[in-house]
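So this one's structure22.csv, CSV, C-alpha atoms:
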chain,number,residue,atom,x,y,z
A,1,MET,CA,17.9,-23.8,28.8
A,2,ALA,CA,15.3,-21.3,30.0
A,3,ASN,CA,11.6,-21.7,29.0
A,4,GLN,CA,11.0,-19.3,26.1
A,5,SER,CA,7.2,-19.5,26.2
A,6,SER,CA,5.2,-16.4,27.2
A,7,THR,CA,4.2,-16.1,30.8
A,8,PRO,CA,0.5,-15.2,31.6
A,9,PHE,CA,1.8,-11.7,32.6
A,10,ASP,CA,3.5,-11.2,29.2
A,11,GLN,CA,0.4,-12.4,27.4
A,12,GLY,CA,-1.7,-10.0,29.4
A,13,LEU,CA,0.7,-7.1,28.9
A,14,PHE,CA,0.8,-7.9,25.2
A,15,LEU,CA,-3.0,-7.8,24.9
A,16,VAL,CA,-3.2,-4.5,26.8
A,17,HIS,CA,-0.8,-2.8,24.4
A,18,LEU,CA,-2.4,-4.4,21.4
A,19,ASN,CA,-5.9,-3.4,22.4
A,20,ARG,CA,-4.8,0.1,23.4
A,21,GLY,CA,-3.1,0.4,20.0
A,22,ARG,CA,-6.3,-0.6,18.2
A,23,GLU,CA,-8.4,1.8,20.2
A,24,HIS,CA,-6.0,4.7,19.4
A,25,PHE,CA,-6.0,3.7,15.8
A,26,ASP,CA,-9.8,3.5,15.6
A,27,ARG,CA,-9.9,7.0,17.1
A,28,ARG,CA,-7.4,8.1,14.4
A,29,ASN,CA,-4.8,8.9,17.1
A,30,PHE,CA,-2.0,7.3,15.1
A,31,ILE,CA,1.0,8.5,17.2
A,32,ASP,CA,-0.3,6.9,20.4
A,33,ALA,CA,-1.4,3.9,18.4
A,34,ALA,CA,2.1,3.4,17.0
A,35,GLU,CA,3.6,3.8,20.5
A,36,GLN,CA,1.3,1.1,22.0
A,37,LEU,CA,1.8,-1.2,19.0
A,38,GLU,CA,5.6,-0.9,19.3
A,39,GLU,CA,5.3,-2.0,22.9
A,40,ALA,CA,3.2,-5.0,21.8
A,41,ARG,CA,5.8,-5.8,19.1
A,42,ARG,CA,8.6,-5.8,21.7
A,43,LEU,CA,6.7,-8.6,23.5
A,44,ARG,CA,5.8,-10.5,20.3
A,45,PRO,CA,8.2,-9.4,17.4
A,46,ASP,CA,6.6,-11.6,14.8
A,47,ASP,CA,2.9,-11.1,15.5
A,48,ASP,CA,1.3,-10.4,12.1
A,49,SER,CA,-1.7,-8.4,13.4
A,50,VAL,CA,0.6,-6.1,15.5
A,51,ILE,CA,3.0,-5.5,12.6
A,52,ASN,CA,0.3,-4.9,10.1
A,53,LEU,CA,-1.5,-2.4,12.2
A,54,LEU,CA,1.8,-0.7,13.1
A,55,GLY,CA,2.5,-0.4,9.3
A,56,LEU,CA,-0.9,1.3,8.9
A,57,ALA,CA,-0.3,3.6,11.8
A,58,TYR,CA,3.0,4.7,10.3
A,59,PHE,CA,1.4,5.2,6.9
A,60,LYS,CA,-1.3,7.4,8.4
A,61,GLN,CA,1.4,9.5,10.0
A,62,GLU,CA,3.1,9.8,6.7
A,63,LYS,CA,6.1,7.9,8.0
A,64,TYR,CA,6.5,6.0,4.8
A,65,ARG,CA,10.0,4.6,5.3
A,66,GLU,CA,8.9,3.0,8.6
A,67,SER,CA,5.8,1.7,7.0
A,68,ASP,CA,7.8,0.3,4.1
A,69,GLY,CA,10.1,-1.6,6.5
A,70,VAL,CA,7.1,-3.0,8.4
A,71,TYR,CA,5.4,-4.3,5.2
A,72,ARG,CA,8.7,-5.8,3.8
A,73,LYS,CA,9.1,-7.7,7.1
A,74,LEU,CA,5.6,-9.0,6.9
A,75,ILE,CA,5.9,-10.1,3.3
A,76,GLU,CA,9.0,-12.1,4.3
A,77,LEU,CA,6.8,-13.9,6.8
A,78,ASN,CA,3.8,-14.1,4.6
A,79,PRO,CA,4.9,-14.0,0.9
A,80,GLU,CA,1.5,-15.1,-0.4
A,81,SER,CA,-0.5,-12.3,1.1
A,82,TYR,CA,-2.2,-10.1,-1.4
A,83,THR,CA,-3.1,-7.4,1.2
A,84,LEU,CA,0.5,-7.0,2.3
A,85,HIS,CA,1.7,-6.7,-1.3
A,86,PHE,CA,-1.0,-4.2,-2.0
A,87,ASN,CA,-0.2,-2.1,1.1
A,88,LEU,CA,3.5,-2.1,0.3
A,89,GLY,CA,2.7,-1.1,-3.3
A,90,LEU,CA,0.6,1.8,-2.0
A,91,VAL,CA,3.5,2.9,0.3
A,92,CYS,CA,6.0,2.8,-2.7
A,93,PHE,CA,3.5,4.7,-4.9
A,94,THR,CA,3.0,7.4,-2.2
A,95,MET,CA,6.8,7.8,-2.0
A,96,SER,CA,6.9,8.1,-5.8
A,97,ASP,CA,9.0,5.0,-6.1
A,98,LEU,CA,7.0,4.1,-9.2
A,99,ASP,CA,9.2,1.2,-10.5
A,100,ASN,CA,9.0,-0.6,-7.2
A,101,ALA,CA,5.3,0.1,-6.8
A,102,GLU,CA,4.7,-1.2,-10.3
A,103,ALA,CA,6.5,-4.5,-9.6
A,104,ILE,CA,4.8,-4.9,-6.2
A,105,PHE,CA,1.3,-4.3,-7.6
A,106,LEU,CA,2.1,-6.8,-10.4
A,107,ARG,CA,2.9,-9.4,-7.7
A,108,ALA,CA,-0.3,-8.5,-5.9
A,109,LEU,CA,-2.2,-9.2,-9.1
A,110,GLU,CA,-0.5,-12.5,-9.4
A,111,LEU,CA,-1.9,-13.3,-6.0
A,112,LYS,CA,-5.4,-11.9,-6.7
A,113,PRO,CA,-6.0,-11.5,-10.4
A,114,ASP,CA,-8.4,-8.8,-11.7
A,115,ASN,CA,-8.5,-6.8,-8.5
A,116,GLN,CA,-9.8,-3.5,-9.5
A,117,LYS,CA,-8.0,-1.4,-6.9
A,118,THR,CA,-4.7,-2.8,-7.9
A,119,HIS,CA,-5.4,-2.1,-11.6
A,120,PHE,CA,-6.4,1.4,-10.7
A,121,TYR,CA,-3.1,2.1,-9.0
A,122,ARG,CA,-1.2,0.6,-11.9
A,123,GLY,CA,-3.1,2.9,-14.1
A,124,ASN,CA,-2.0,5.8,-12.0
A,125,ILE,CA,1.6,4.7,-12.2
A,126,TYR,CA,1.5,4.5,-16.0
A,127,ALA,CA,-0.2,7.9,-16.2
A,128,LYS,CA,2.6,9.4,-14.1
A,129,LYS,CA,5.2,7.7,-16.3
A,130,ARG,CA,3.4,9.1,-19.3
A,131,GLN,CA,2.7,5.6,-20.6
A,132,TYR,CA,-0.8,6.6,-21.5
A,133,TYR,CA,-1.9,3.5,-23.4
A,134,ASN,CA,-0.8,1.2,-20.6
A,135,SER,CA,-2.6,3.5,-18.2
A,136,ILE,CA,-5.9,3.3,-20.2
A,137,PHE,CA,-5.6,-0.5,-20.3
A,138,GLN,CA,-5.2,-0.6,-16.5
A,139,TYR,CA,-8.0,1.9,-15.9
A,140,ARG,CA,-10.3,-0.2,-18.1
A,141,LYS,CA,-9.5,-3.3,-16.1
A,142,ALA,CA,-10.3,-1.3,-13.0
A,143,GLY,CA,-13.7,-0.1,-14.4
A,144,ALA,CA,-12.5,3.5,-14.1
A,145,ASN,CA,-14.1,5.0,-17.1
A,146,ILE,CA,-13.7,8.6,-16.0
A,147,MET,CA,-10.0,8.0,-15.7
A,148,VAL,CA,-9.9,6.4,-19.2
A,149,LYS,CA,-11.6,9.5,-20.6
A,150,ARG,CA,-9.1,11.9,-18.8
A,151,VAL,CA,-6.1,10.1,-20.1
A,152,GLN,CA,-7.6,10.0,-23.6
A,153,GLU,CA,-8.1,13.7,-23.4
A,154,LYS,CA,-4.5,14.2,-22.3
A,155,ILE,CA,-3.3,12.1,-25.3
A,156,ASP,CA,-5.5,14.2,-27.6
A,157,ARG,CA,-4.1,17.5,-26.2
A,158,GLU,CA,-0.5,16.3,-26.5
A,159,ARG,CA,-0.9,15.0,-30.0
A,160,PRO,CA,0.6,17.3,-32.6
A,161,PRO,CA,-2.0,19.0,-34.8
A,162,GLU,CA,-2.4,17.4,-38.2
A,163,LYS,CA,-1.1,19.5,-41.1
A,164,ALA,CA,-3.6,20.6,-43.6
A,165,GLU,CA,-3.0,19.4,-47.1
A,166,THR,CA,-2.2,22.1,-49.7
A,167,ALA,CA,-3.5,21.8,-53.2
Produce structure tokens that represent the structure in this file.
Amino acid sequence: MANQSSTPFDQGLFLVHLNRGREHFDRRNFIDAAEQLEEARRLRPDDDSVINLLGLAYFKQEKYRESDGVYRKLIELNPESYTLHFNLGLVCFTMSDLDNAEAIFLRALELKPDNQKTHFYRGNIYAKKRQYYNSIFQYRKAGANIMVKRVQEKIDRERPPEKAETA
């Protein structure tokens, strides 16, 4: 059976692609970042740091399906990672897959209770679903008082006017 460990050449080549990918990403050149990170992933298909950065590069390019696939793979490898669940929830939210986003953000909150960013996005989901009282609850947990006020104003505008009593 052949030795399956990385050779020093493979290790060096992996690091070259990873570092170039990071440099491109830091310069906001997400297309080249993704290309370099794909090369690094070919050399190490299960490297978490490469896969996570690749998911971000896809997201920044608005390649949400690709980003979705990357984060789902990472979650299989790291099911207890709050950050991966949050990122996948954000991808689903951006794709208007609100039911999946809601479930994924809920899982993220199980991993990191009372995270304000996660509550904020859940508030956004409920607002889009017109579940205004759930939205207000989530925005309050997020400390987003301006959003609470906006949703309350929306409720007030949509409430039918009260009928005047006749004598």
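Counting only C-alpha atoms, Leu106 (chain A) has the following residues at most 9 Å away, ignoring those fewer than 5 positions along the same chain: Ala101, Leu111, Thr118, His119 and Arg122 of chain A.
The closest residue to Ala142 (chain A), picked from A:Lys154, A:Lys117, A:Arg130, A:Arg159 and counting only C-alpha atoms, is A:Lys117.
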>> Ranking A:Arg150, A:His17, A:Arg157, A:Arg140 by minimum distance to Leu43 (chain A) and counting all atoms listed in the file, which one comes first?
In response: A:His17
>> When you look at Tyr82 (chain A) with a cut-off of 8 Å (counting only C-alpha atoms), what residues show up, excluding the ones that are within fewer than 5 positions of it in the same chain? I need them as a count of residues only.
In response: 4
Residue neighbourhood Arg22 (chain A), 12 Å, all atoms listed in the file, exclusion window fewer than 6 positions, as an mmCIF file with C-alpha atoms, keeping the file's coordinate frame:
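That gives us result_30.cif:
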data_model
loop_
_atom_site.group_PDB
_atom_site.id
_atom_site.type_symbol
_atom_site.label_atom_id
_atom_site.label_comp_id
_atom_site.auth_asym_id
_atom_site.auth_seq_id
_atom_site.Cartn_x
_atom_site.Cartn_y
_atom_site.Cartn_z
ATOM 1 C CA LEU A 15 -3.000 -7.800 24.900
ATOM 2 C CA VAL A 16 -3.200 -4.500 26.800
ATOM 3 C CA ARG A 28 -7.400 8.100 14.400
ATOM 4 C CA ASN A 29 -4.800 8.900 17.100
ATOM 5 C CA PHE A 30 -2.000 7.300 15.100
ATOM 6 C CA ILE A 31 1.000 8.500 17.200
ATOM 7 C CA ASP A 32 -0.300 6.900 20.400
ATOM 8 C CA ALA A 33 -1.400 3.900 18.400
ATOM 9 C CA ALA A 34 2.100 3.400 17.000
ATOM 10 C CA GLU A 35 3.600 3.800 20.500
ATOM 11 C CA GLN A 36 1.300 1.100 22.000
ATOM 12 C CA LEU A 37 1.800 -1.200 19.000
ATOM 13 C CA GLU A 38 5.600 -0.900 19.300
ATOM 14 C CA ALA A 40 3.200 -5.000 21.800
ATOM 15 C CA SER A 49 -1.700 -8.400 13.400
ATOM 16 C CA VAL A 50 0.600 -6.100 15.500
ATOM 17 C CA ILE A 51 3.000 -5.500 12.600
ATOM 18 C CA ASN A 52 0.300 -4.900 10.100
ATOM 19 C CA LEU A 53 -1.500 -2.400 12.200
ATOM 20 C CA LEU A 54 1.800 -0.700 13.100
ATOM 21 C CA LEU A 56 -0.900 1.300 8.900
ATOM 22 C CA ALA A 57 -0.300 3.600 11.800
#
>> Report, in Å to a single decimal, how far apart CA of Phe93 (chain A) and CA of Gln61 (chain A) are.
In response: 15.8 Å
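In this comparison, which uses only C-alpha atoms, the residue of A:Met95, A:Pro45, A:Glu102, A:Arg27 approaching Phe59 (chain A) most closely is A:Met95.
Rounded to one decimal, CA of Phe86 (chain A) and CA of Asn134 (chain A) lie 19.4 Å from each other.
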